[in-house]
Amino acid sequence: MTGSATRPDVRVLPMGERALLVELADGAAAEALHAELLRRRAAGDLVVREIVPAARTVLLDGLDDPGRLAARLPSWDVPPLPPRTEDVLELPVRYDGPDLADVADAWGVPVREVPRIHAAAEFRVAFCGFAPGFGYLTGLQRLPDVPRRATPRTTVPAGSVALAGPYTGVYPRPSPGGWQLIGTTDAVLWDHTREPAALLSPGVRVRFVPEAR
Amino acid sequence: MTDRAVVVVRAGALTTVQDEGRPGHAHLGVPRSGALDRPAAALVNRLVGNPPEAAVLETTLNGCALRPRCAVTVAVGGAPCPVTVDGRPAPWGAPVRVPAGALLDVGTALCGVRAYVALSGGVAVEPVLGSRSTDLLSGLGPPPLAHGAVLPLGGVGGPHARVDAVPQPAPPRELVLRMTAGPRADWFTPGALRTLTTRAYRVSSASNRIGLRTEGPALERAVRGELPSEGMVLGAVQVPPDGRPVVFLADHPTTGGYPVVGVVRQEDLAGAAQAVPGTPVRFVASGRGPWR
């Protein structure tokens with residue numbers, strides 16, 4: 001042992017007999033730990049079936065000895081997220097959503113500013129969920145969270161670019177949904193015959209590029 | 001004719017193709033899916049000489065009927081039910097030879113919910129992300145069986161098992177679910193944890209492949225407010241705002257925003273797959289935790 005201090009901002013919670021839920025102080029710390037876990041798995045130092053990042057946790061499922069990892073993980077030295085190491089995925093978008101005015105209200109800006117602010121941000125897929133290929137994108141800085149719609153829509157079209165809380169997401173297929181719709185993309189978010197099937201996976205950097213009208 | 005396929009003559013209430021599922025993609029929002037009663041699916045595969053990963057059919061309550069275009073060996077297990085070939089009784093839980101063109105009927109479950117039908121060679125629909133399982137949450141994999149559908153079969157593998165019958169666990173009269181605490185047990189009052197492990201619950205008719213829903217006393221939260229979305233596991237006991245625990249089964253969402261009070265042991269989930277609505281449920285604390 002090197003006497004490395006365990007970090008008080010990391011909580012390792014058992015989740016059944018084969019999984020650990022690691023809770024961190026915030027989303028950035030969760031993304032950094034996720035990157036570290038992927039590094040260790042790629043290096044062969046970690047055997048685990050699923051690594052599932054979320055808002056401020058990372059789930060490790062399918063561990064042979066969760067107790068052993070739980071004892072060690074809090075003392076890991078996890079570097080902060082490295083600066084950009086890969087290309088930014090550009091998603092073409094038409095800012096033609098029906099909820100632009102509601103988002104402008106939430107942000108306290110004129111409606112025409114919403115596309116400008118959104119297209120200027122660089123996003124990162126913090127985690128996926130809800131549906132195959134649905135990413136929760138972070139990257140909107142210093143803006144109030146956007147409330148979900150009081151009544152969810154029964155059908156949101158595939159390709160809808162939407163906001164809720166601090167997140168941006170794109171609906172991979174038609175589904176019910178309560179997020180605020182600000183635009184549309186023709187990008188195919190999910191295609192199980194493609195490799196990779198998901199355009200957006202955790203860690204991918206994304207920019208929305210307005211289409212010329 | 002060597003057309004290795006079966007025609008669906010009666011689809012039943014809900015019959016799906018299932019194998020060992022598609023684990024390893026949860027980070028993309030892809031549920032694991034797969035047969036709910038794993039031991040039953042593995043057993044019927046073994047009976048017909050299939051490898052464990054071969055796809056079988058999972059029926060719901062009232063079975064299904066199939067007409068193979070080629071001679072096949074089949075085995076039916078899981079929920080006990082009558083099996084006939086061209087109207088003549090055939091054994092349940094044992095290999096059965098079905099001639100080309102004959103009608104295999106898997107009848108209504110005498111008890112339990114889900115029967116498993118293995119066909120020699122396995123159901124050979126196109127896999128999606130390495131699995132042929134129908135995932136009812138995300139829509140991946142083949143659609144549920146429909147009248148007239150044709151299911152391709154794989155090449156025949158090993159010989160079928162030389163047995164007349166094998167013991168299979170009976171569907172539970174009372175569903176006992178052993179569970180470990182956490183990760184969000186501390187979001188509930190001590191009284192709620194006592195309620196969960198001492199009071200009677202019943203299987204709700206709203207249960208499905210995504211989750212076993214229960215009816216019973218609501219669990220009171222100690223922590224108000226919303227839990228940010230976090231990763232979910234098979235067997236997680238999630239407590240939605242109505243306070244009634246839901247046990248996550250194979251098609252569960254990969255992330256969720258309601259607190260998980262405990263996690264049911266995987267060995268006990270086969271029983272959950274076979275518990276009809278109304279079955280008493282007892283949650284039993286196992287392992288260390290805030291239960292005691």
# chains A, B, ... in the order shown; residues from 1 in each chain; ligands from 1
>>> residues_around(residues="Leu91 of chain A", least_positions_apart="4", cutoff="7 Å", atoms="only C-alpha atoms", output="list in words")
Thr185, Ala187, Arg207, Phe208 and Val209 of chain A
>>> write_last_selection(atoms="all heavy atoms", output="mmCIF file, in the first residue's frame")
data_model
loop_
_atom_site.group_PDB
_atom_site.id
_atom_site.type_symbol
_atom_site.label_atom_id
_atom_site.label_comp_id
_atom_site.auth_asym_id
_atom_site.auth_seq_id
_atom_site.Cartn_x
_atom_site.Cartn_y
_atom_site.Cartn_z
ATOM 1 N N THR A 185 -33.067 16.778 -36.860
ATOM 2 C CA THR A 185 -31.882 16.372 -37.616
ATOM 3 C C THR A 185 -32.233 15.176 -38.495
ATOM 4 O O THR A 185 -33.103 14.378 -38.139
ATOM 5 C CB THR A 185 -30.697 16.015 -36.695
ATOM 6 O OG1 THR A 185 -29.583 15.615 -37.509
ATOM 7 C CG2 THR A 185 -31.035 14.868 -35.745
ATOM 8 N N ALA A 187 -29.832 13.078 -39.239
ATOM 9 C CA ALA A 187 -28.844 12.048 -38.882
ATOM 10 C C ALA A 187 -29.572 10.818 -38.350
ATOM 11 O O ALA A 187 -30.575 10.934 -37.657
ATOM 12 C CB ALA A 187 -27.886 12.592 -37.832
ATOM 13 N N ARG A 207 -21.368 18.572 -32.027
ATOM 14 C CA ARG A 207 -21.739 19.962 -32.291
ATOM 15 C C ARG A 207 -22.939 19.947 -33.236
ATOM 16 O O ARG A 207 -23.018 19.096 -34.121
ATOM 17 C CB ARG A 207 -20.559 20.697 -32.936
ATOM 18 C CG ARG A 207 -20.681 22.179 -33.021
ATOM 19 C CD ARG A 207 -19.422 22.771 -33.636
ATOM 20 N NE ARG A 207 -18.325 22.934 -32.689
ATOM 21 C CZ ARG A 207 -18.273 23.914 -31.788
ATOM 22 N NH1 ARG A 207 -19.234 24.809 -31.696
ATOM 23 N NH2 ARG A 207 -17.237 24.006 -30.976
ATOM 24 N N PHE A 208 -23.880 20.838 -32.989
ATOM 25 C CA PHE A 208 -25.043 20.946 -33.874
ATOM 26 C C PHE A 208 -24.782 22.056 -34.886
ATOM 27 O O PHE A 208 -24.421 23.173 -34.517
ATOM 28 C CB PHE A 208 -26.311 21.243 -33.059
ATOM 29 C CG PHE A 208 -26.756 20.070 -32.222
ATOM 30 C CD1 PHE A 208 -26.276 19.892 -30.929
ATOM 31 C CD2 PHE A 208 -27.636 19.122 -32.747
ATOM 32 C CE1 PHE A 208 -26.667 18.803 -30.161
ATOM 33 C CE2 PHE A 208 -28.030 18.024 -31.991
ATOM 34 C CZ PHE A 208 -27.552 17.867 -30.698
ATOM 35 N N VAL A 209 -24.920 21.698 -36.160
ATOM 36 C CA VAL A 209 -24.604 22.637 -37.237
ATOM 37 C C VAL A 209 -25.890 22.997 -37.985
ATOM 38 O O VAL A 209 -26.509 22.122 -38.599
ATOM 39 C CB VAL A 209 -23.591 22.021 -38.218
ATOM 40 C CG1 VAL A 209 -23.281 22.999 -39.348
ATOM 41 C CG2 VAL A 209 -22.324 21.616 -37.482
#
>>> select_by_dssp(residues="segment 64-197 of chain A", states="strand (DSSP E)", output="ChimeraX atom specification")
/A:89-93,123-128,135-138,153-156,160-164,167-170,175-177,180-184
>>> closest_residue(among="B:Thr214, B:Ser229, B:Ser286, B:Thr59", to="chain A", atoms="only C-alpha atoms")
B:Ser229
>>> residues_around(residues="segment 166-180 of chain A", least_positions_apart="2", cutoff="6 Å", atoms="only C-alpha atoms", output="mmCIF file with N, CA and C atoms, in the first residue's frame")
data_model
loop_
_atom_site.group_PDB
_atom_site.id
_atom_site.type_symbol
_atom_site.label_atom_id
_atom_site.label_comp_id
_atom_site.auth_asym_id
_atom_site.auth_seq_id
_atom_site.Cartn_x
_atom_site.Cartn_y
_atom_site.Cartn_z
ATOM 1 N N ASP A 99 -41.149 24.063 -29.555
ATOM 2 C CA ASP A 99 -41.009 24.536 -28.172
ATOM 3 C C ASP A 99 -39.898 25.577 -28.008
ATOM 4 N N GLY A 135 -28.774 9.651 -26.374
ATOM 5 C CA GLY A 135 -27.706 10.172 -25.522
ATOM 6 C C GLY A 135 -28.165 11.397 -24.748
ATOM 7 N N TYR A 136 -27.657 11.503 -23.527
ATOM 8 C CA TYR A 136 -27.871 12.709 -22.717
ATOM 9 C C TYR A 136 -26.627 13.563 -22.906
ATOM 10 N N LEU A 137 -26.781 14.696 -23.621
ATOM 11 C CA LEU A 137 -25.641 15.524 -23.980
ATOM 12 C C LEU A 137 -25.532 16.708 -23.026
ATOM 13 N N THR A 138 -24.328 16.906 -22.475
ATOM 14 C CA THR A 138 -24.080 18.092 -21.654
ATOM 15 C C THR A 138 -23.209 19.058 -22.447
ATOM 16 N N ASP A 145 -31.798 25.325 -16.092
ATOM 17 C CA ASP A 145 -32.345 24.066 -16.591
ATOM 18 C C ASP A 145 -33.685 24.321 -17.283
ATOM 19 N N ARG A 148 -39.220 19.890 -18.118
ATOM 20 C CA ARG A 148 -39.929 19.019 -19.051
ATOM 21 C C ARG A 148 -41.312 19.587 -19.308
ATOM 22 N N ARG A 149 -41.934 19.162 -20.387
ATOM 23 C CA ARG A 149 -43.300 19.596 -20.661
ATOM 24 C C ARG A 149 -44.239 19.028 -19.598
ATOM 25 N N PRO A 152 -46.469 15.144 -21.341
ATOM 26 C CA PRO A 152 -45.615 14.593 -22.408
ATOM 27 C C PRO A 152 -46.405 14.402 -23.702
ATOM 28 N N ARG A 153 -45.716 14.526 -24.840
ATOM 29 C CA ARG A 153 -46.346 14.227 -26.122
ATOM 30 C C ARG A 153 -46.456 12.718 -26.284
ATOM 31 N N THR A 154 -47.537 12.277 -26.920
ATOM 32 C CA THR A 154 -47.694 10.834 -27.124
ATOM 33 C C THR A 154 -46.752 10.341 -28.210
ATOM 34 N N THR A 155 -46.412 11.211 -29.170
ATOM 35 C CA THR A 155 -45.447 10.818 -30.193
ATOM 36 C C THR A 155 -44.512 11.978 -30.506
ATOM 37 N N VAL A 156 -43.248 11.714 -30.374
ATOM 38 C CA VAL A 156 -42.220 12.657 -30.792
ATOM 39 C C VAL A 156 -41.538 12.025 -32.006
ATOM 40 N N PRO A 157 -41.420 12.773 -33.130
ATOM 41 C CA PRO A 157 -40.822 12.174 -34.335
ATOM 42 C C PRO A 157 -39.342 11.841 -34.153
ATOM 43 N N ALA A 158 -38.891 10.811 -34.866
ATOM 44 C CA ALA A 158 -37.470 10.476 -34.869
ATOM 45 C C ALA A 158 -36.681 11.672 -35.379
ATOM 46 N N GLY A 159 -35.505 11.901 -34.801
ATOM 47 C CA GLY A 159 -34.659 13.007 -35.230
ATOM 48 C C GLY A 159 -34.953 14.316 -34.521
ATOM 49 N N SER A 160 -35.940 14.310 -33.620
ATOM 50 C CA SER A 160 -36.239 15.543 -32.884
ATOM 51 C C SER A 160 -35.089 15.865 -31.935
ATOM 52 N N VAL A 161 -34.637 17.119 -32.000
ATOM 53 C CA VAL A 161 -33.600 17.606 -31.090
ATOM 54 C C VAL A 161 -34.313 18.294 -29.930
ATOM 55 N N ALA A 162 -34.006 17.868 -28.715
ATOM 56 C CA ALA A 162 -34.847 18.264 -27.587
ATOM 57 C C ALA A 162 -34.011 18.608 -26.370
ATOM 58 N N LEU A 163 -34.606 19.397 -25.483
ATOM 59 C CA LEU A 163 -33.928 19.800 -24.251
ATOM 60 C C LEU A 163 -34.767 19.412 -23.040
ATOM 61 N N ALA A 164 -34.092 19.036 -21.950
ATOM 62 C CA ALA A 164 -34.742 18.860 -20.649
ATOM 63 C C ALA A 164 -33.656 18.930 -19.585
ATOM 64 N N LEU A 189 -29.623 8.187 -35.784
ATOM 65 C CA LEU A 189 -28.998 8.018 -34.473
ATOM 66 C C LEU A 189 -28.733 6.558 -34.148
ATOM 67 N N TRP A 190 -29.607 5.684 -34.663
ATOM 68 C CA TRP A 190 -29.501 4.257 -34.306
ATOM 69 C C TRP A 190 -29.791 3.426 -35.529
#
>>> residues_around(residues="Gly16 of chain A", least_positions_apart="3", cutoff="8 Å", atoms="only C-alpha atoms", output="list in words")
Ala19 and Leu20 of chain A; Met179, Thr180, Ala181, Gly182, Ala236, Gly262, Val263, Val264 and Arg265 of chain B
>>> write_last_selection(atoms="all heavy atoms", output="CSV table (one decimal), in the first residue's frame")
chain,number,residue,atom,x,y,z
A,19,ALA,N,-22.7,-6.3,-8.7
A,19,ALA,CA,-22.6,-4.9,-9.3
A,19,ALA,C,-22.2,-3.9,-8.2
A,19,ALA,O,-22.5,-4.1,-7.0
A,19,ALA,CB,-23.9,-4.5,-10.0
A,20,LEU,N,-21.6,-2.8,-8.7
A,20,LEU,CA,-21.3,-1.6,-7.8
A,20,LEU,C,-21.9,-0.4,-8.5
A,20,LEU,O,-21.7,-0.2,-9.7
A,20,LEU,CB,-19.8,-1.5,-7.6
A,20,LEU,CG,-19.1,-2.6,-6.9
A,20,LEU,CD1,-17.6,-2.3,-6.9
A,20,LEU,CD2,-19.6,-2.8,-5.4
B,179,MET,N,-33.3,-10.7,-1.2
B,179,MET,CA,-32.6,-9.6,-1.8
B,179,MET,C,-31.6,-8.9,-0.8
B,179,MET,O,-31.7,-9.0,0.4
B,179,MET,CB,-33.7,-8.6,-2.2
B,179,MET,CG,-34.5,-8.0,-1.1
B,179,MET,SD,-35.5,-6.7,-1.7
B,179,MET,CE,-36.1,-6.1,-0.2
B,180,THR,N,-30.6,-8.3,-1.5
B,180,THR,CA,-29.6,-7.6,-0.7
B,180,THR,C,-30.1,-6.1,-0.7
B,180,THR,O,-30.8,-5.7,-1.6
B,180,THR,CB,-28.3,-7.7,-1.4
B,180,THR,OG1,-28.4,-7.3,-2.7
B,180,THR,CG2,-27.7,-9.1,-1.3
B,181,ALA,N,-29.6,-5.4,0.3
B,181,ALA,CA,-30.1,-4.0,0.4
B,181,ALA,C,-29.3,-3.1,-0.6
B,181,ALA,O,-28.3,-3.4,-1.1
B,181,ALA,CB,-29.8,-3.5,1.8
B,182,GLY,N,-30.0,-1.9,-0.8
B,182,GLY,CA,-29.3,-0.9,-1.5
B,182,GLY,C,-29.5,-0.9,-3.0
B,182,GLY,O,-30.2,-1.7,-3.5
B,236,ALA,N,-33.2,-5.5,-9.8
B,236,ALA,CA,-33.3,-4.2,-9.0
B,236,ALA,C,-34.8,-4.1,-8.6
B,236,ALA,O,-35.7,-4.2,-9.4
B,236,ALA,CB,-32.9,-3.0,-9.8
B,262,GLY,N,-33.5,-2.4,-3.0
B,262,GLY,CA,-32.7,-3.7,-2.9
B,262,GLY,C,-32.6,-4.3,-4.2
B,262,GLY,O,-33.2,-3.9,-5.2
B,263,VAL,N,-31.9,-5.4,-4.3
B,263,VAL,CA,-31.7,-6.2,-5.5
B,263,VAL,C,-31.9,-7.7,-5.2
B,263,VAL,O,-31.3,-8.3,-4.3
B,263,VAL,CB,-30.3,-6.0,-6.1
B,263,VAL,CG1,-30.1,-6.8,-7.4
B,263,VAL,CG2,-30.0,-4.5,-6.3
B,264,VAL,N,-32.9,-8.3,-6.0
B,264,VAL,CA,-33.2,-9.7,-5.8
B,264,VAL,C,-32.2,-10.6,-6.4
B,264,VAL,O,-31.6,-10.3,-7.5
B,264,VAL,CB,-34.6,-9.9,-6.5
B,264,VAL,CG1,-34.9,-11.4,-6.5
B,264,VAL,CG2,-35.7,-9.2,-5.8
B,265,ARG,N,-31.9,-11.7,-5.7
B,265,ARG,CA,-30.9,-12.6,-6.2
B,265,ARG,C,-31.3,-13.2,-7.5
B,265,ARG,O,-32.5,-13.5,-7.7
B,265,ARG,CB,-30.6,-13.7,-5.2
B,265,ARG,CG,-29.9,-13.2,-4.0
B,265,ARG,CD,-29.9,-14.2,-2.8
B,265,ARG,NE,-29.2,-15.4,-3.2
B,265,ARG,CZ,-28.7,-16.2,-2.2
B,265,ARG,NH1,-28.9,-16.0,-1.0
B,265,ARG,NH2,-28.1,-17.3,-2.6
>>> closest_residue(among="B:Ser131, B:Thr195, B:Ser207, B:Thr73", to="chain A", atoms="only C-alpha atoms")
B:Ser131
>>> interface_residues(of="chain A", to="chain B", cutoff="8 Å", atoms="only C-alpha atoms", output="PyMOL selection string")
chain A and resi 13-17+19+21+49-59+61+127-135+192-193+198+200-202
>>> write_last_selection(atoms="N, CA, C and O atoms", output="CSV table (one decimal), in the first residue's frame")
chain,number,residue,atom,x,y,z
A,13,LEU,N,-21.4,2.0,-3.7
A,13,LEU,CA,-22.6,1.4,-3.2
A,13,LEU,C,-22.8,0.0,-3.8
A,13,LEU,O,-22.9,-0.1,-5.1
A,14,PRO,N,-22.9,-1.1,-3.0
A,14,PRO,CA,-23.2,-2.4,-3.6
A,14,PRO,C,-24.6,-2.4,-4.3
A,14,PRO,O,-25.5,-1.7,-3.8
A,15,MET,N,-24.8,-3.1,-5.4
A,15,MET,CA,-26.0,-3.1,-6.1
A,15,MET,C,-26.2,-4.6,-6.4
A,15,MET,O,-25.8,-5.0,-7.5
A,16,GLY,N,-26.8,-5.4,-5.5
A,16,GLY,CA,-26.8,-6.8,-5.7
A,16,GLY,C,-25.5,-7.5,-5.5
A,16,GLY,O,-24.6,-6.8,-4.9
A,17,GLU,N,-25.4,-8.7,-6.0
A,17,GLU,CA,-24.2,-9.5,-5.6
A,17,GLU,C,-23.1,-9.4,-6.7
A,17,GLU,O,-22.0,-9.9,-6.5
A,19,ALA,N,-22.7,-6.3,-8.7
A,19,ALA,CA,-22.6,-4.9,-9.3
A,19,ALA,C,-22.2,-3.9,-8.2
A,19,ALA,O,-22.5,-4.1,-7.0
A,21,LEU,N,-22.5,0.5,-7.7
A,21,LEU,CA,-22.8,1.8,-8.2
A,21,LEU,C,-21.9,2.8,-7.5
A,21,LEU,O,-21.9,2.9,-6.3
A,49,ARG,N,-18.8,-6.7,-17.2
A,49,ARG,CA,-19.6,-6.9,-18.4
A,49,ARG,C,-20.2,-5.5,-18.8
A,49,ARG,O,-20.3,-5.3,-20.0
A,50,GLU,N,-20.7,-4.7,-17.9
A,50,GLU,CA,-21.3,-3.4,-18.3
A,50,GLU,C,-20.6,-2.3,-17.5
A,50,GLU,O,-20.4,-2.4,-16.3
A,51,ILE,N,-20.3,-1.2,-18.2
A,51,ILE,CA,-19.9,0.0,-17.5
A,51,ILE,C,-20.9,1.1,-18.0
A,51,ILE,O,-21.0,1.5,-19.2
A,52,VAL,N,-21.8,1.5,-17.1
A,52,VAL,CA,-22.9,2.3,-17.5
A,52,VAL,C,-22.8,3.7,-16.7
A,52,VAL,O,-23.2,3.8,-15.6
A,53,PRO,N,-22.4,4.7,-17.4
A,53,PRO,CA,-22.3,6.0,-16.8
A,53,PRO,C,-23.7,6.6,-16.8
A,53,PRO,O,-24.6,6.3,-17.6
A,54,ALA,N,-24.0,7.5,-15.8
A,54,ALA,CA,-25.3,8.2,-15.7
A,54,ALA,C,-25.0,9.6,-15.2
A,54,ALA,O,-23.9,10.1,-15.3
A,55,ALA,N,-26.0,10.2,-14.7
A,55,ALA,CA,-25.9,11.7,-14.3
A,55,ALA,C,-24.8,11.9,-13.4
A,55,ALA,O,-24.0,12.8,-13.7
A,56,ARG,N,-24.7,11.2,-12.3
A,56,ARG,CA,-23.5,11.4,-11.4
A,56,ARG,C,-23.1,10.1,-10.8
A,56,ARG,O,-22.6,10.0,-9.7
A,57,THR,N,-23.3,9.0,-11.5
A,57,THR,CA,-22.9,7.7,-11.1
A,57,THR,C,-22.3,6.9,-12.3
A,57,THR,O,-22.5,7.3,-13.4
A,58,VAL,N,-21.6,5.9,-11.9
A,58,VAL,CA,-21.2,4.9,-12.9
A,58,VAL,C,-21.5,3.5,-12.4
A,58,VAL,O,-21.1,3.2,-11.2
A,59,LEU,N,-22.2,2.7,-13.1
A,59,LEU,CA,-22.6,1.4,-12.7
A,59,LEU,C,-21.6,0.4,-13.3
A,59,LEU,O,-21.3,0.5,-14.5
A,61,ASP,N,-21.5,-3.6,-13.7
A,61,ASP,CA,-22.3,-4.8,-13.5
A,61,ASP,C,-21.5,-6.0,-14.1
A,61,ASP,O,-20.8,-5.9,-15.2
A,127,PHE,N,-24.1,10.3,-21.0
A,127,PHE,CA,-24.6,8.9,-20.8
A,127,PHE,C,-25.7,8.6,-21.8
A,127,PHE,O,-26.2,9.6,-22.4
A,128,CYS,N,-26.1,7.4,-21.9
A,128,CYS,CA,-27.2,7.0,-22.7
A,128,CYS,C,-28.3,6.3,-21.9
A,128,CYS,O,-28.0,5.9,-20.8
A,129,GLY,N,-29.5,6.2,-22.4
A,129,GLY,CA,-30.6,5.6,-21.7
A,129,GLY,C,-31.9,5.9,-22.4
A,129,GLY,O,-31.8,6.5,-23.5
A,130,PHE,N,-33.0,5.5,-21.8
A,130,PHE,CA,-34.3,5.8,-22.4
A,130,PHE,C,-34.6,4.9,-23.6
A,130,PHE,O,-35.7,4.3,-23.6
A,131,ALA,N,-33.7,4.9,-24.5
A,131,ALA,CA,-33.9,4.1,-25.7
A,131,ALA,C,-32.6,3.8,-26.3
A,131,ALA,O,-31.6,4.6,-26.1
A,132,PRO,N,-32.4,2.7,-27.1
A,132,PRO,CA,-31.1,2.5,-27.7
A,132,PRO,C,-30.7,3.7,-28.6
A,132,PRO,O,-31.5,4.1,-29.4
A,133,GLY,N,-29.5,4.2,-28.3
A,133,GLY,CA,-29.0,5.3,-29.1
A,133,GLY,C,-29.4,6.7,-28.6
A,133,GLY,O,-29.0,7.7,-29.2
A,134,PHE,N,-30.2,6.8,-27.5
A,134,PHE,CA,-30.5,8.1,-27.0
A,134,PHE,C,-29.4,8.5,-26.0
A,134,PHE,O,-29.2,7.9,-25.0
A,135,GLY,N,-28.8,9.7,-26.4
A,135,GLY,CA,-27.7,10.2,-25.5
A,135,GLY,C,-28.2,11.4,-24.7
A,135,GLY,O,-29.0,12.2,-25.2
A,192,HIS,N,-29.2,-0.7,-36.2
A,192,HIS,CA,-28.5,-1.9,-35.6
A,192,HIS,C,-27.7,-2.7,-36.7
A,192,HIS,O,-26.9,-3.6,-36.3
A,193,THR,N,-27.9,-2.4,-38.0
A,193,THR,CA,-27.1,-3.0,-39.0
A,193,THR,C,-25.8,-2.3,-39.3
A,193,THR,O,-25.0,-2.8,-40.0
A,198,ALA,N,-24.9,2.7,-32.6
A,198,ALA,CA,-25.3,4.0,-32.0
A,198,ALA,C,-24.3,5.1,-32.5
A,198,ALA,O,-23.1,5.0,-32.4
A,200,LEU,N,-24.3,8.1,-31.1
A,200,LEU,CA,-23.9,8.7,-29.9
A,200,LEU,C,-23.7,7.7,-28.8
A,200,LEU,O,-24.6,7.0,-28.4
A,201,SER,N,-22.4,7.6,-28.3
A,201,SER,CA,-22.1,6.7,-27.2
A,201,SER,C,-21.4,7.6,-26.2
A,201,SER,O,-20.8,8.6,-26.5
A,202,PRO,N,-21.4,7.2,-24.9
A,202,PRO,CA,-20.8,8.0,-23.9
A,202,PRO,C,-19.4,8.5,-24.2
A,202,PRO,O,-18.5,7.7,-24.7
>>> atom_distance(atom1="atom CA of Cys111 of chain B", atom2="atom CA of Pro240 of chain B")
29.4 Å
>>> select_by_dssp(residues="segment 8-166 of chain B", states="helix (DSSP H, G or I)", output="VMD selection string")
chain B and resid 26 to 28 38 to 48
>>> closest_residue(among="B:Glu174, B:Glu220, B:Glu267, B:Asp3", to="Gly101 of chain B", atoms="only C-alpha atoms")
B:Asp3
>>> residues_around(residues="segment 47-50 of chain B", least_positions_apart="4", cutoff="7 Å", atoms="only C-alpha atoms", output="PyMOL selection string")
chain B and resi 43+54+73-75+94-95+118-122+157-161
>>> atom_distance(atom1="atom CA of Thr134 of chain B", atom2="atom CA of Gly112 of chain B")
20.7 Å
>>> residues_around(residues="Ala212 of chain A", least_positions_apart="4", cutoff="10 Å", atoms="only C-alpha atoms", output="JSON, numbers by chain")
{"A": [92, 93, 94]}
>>> closest_residue(among="B:Arg173, B:Arg38, B:Arg221, B:Arg213", to="Asp186 of chain B", atoms="only C-alpha atoms")
B:Arg221
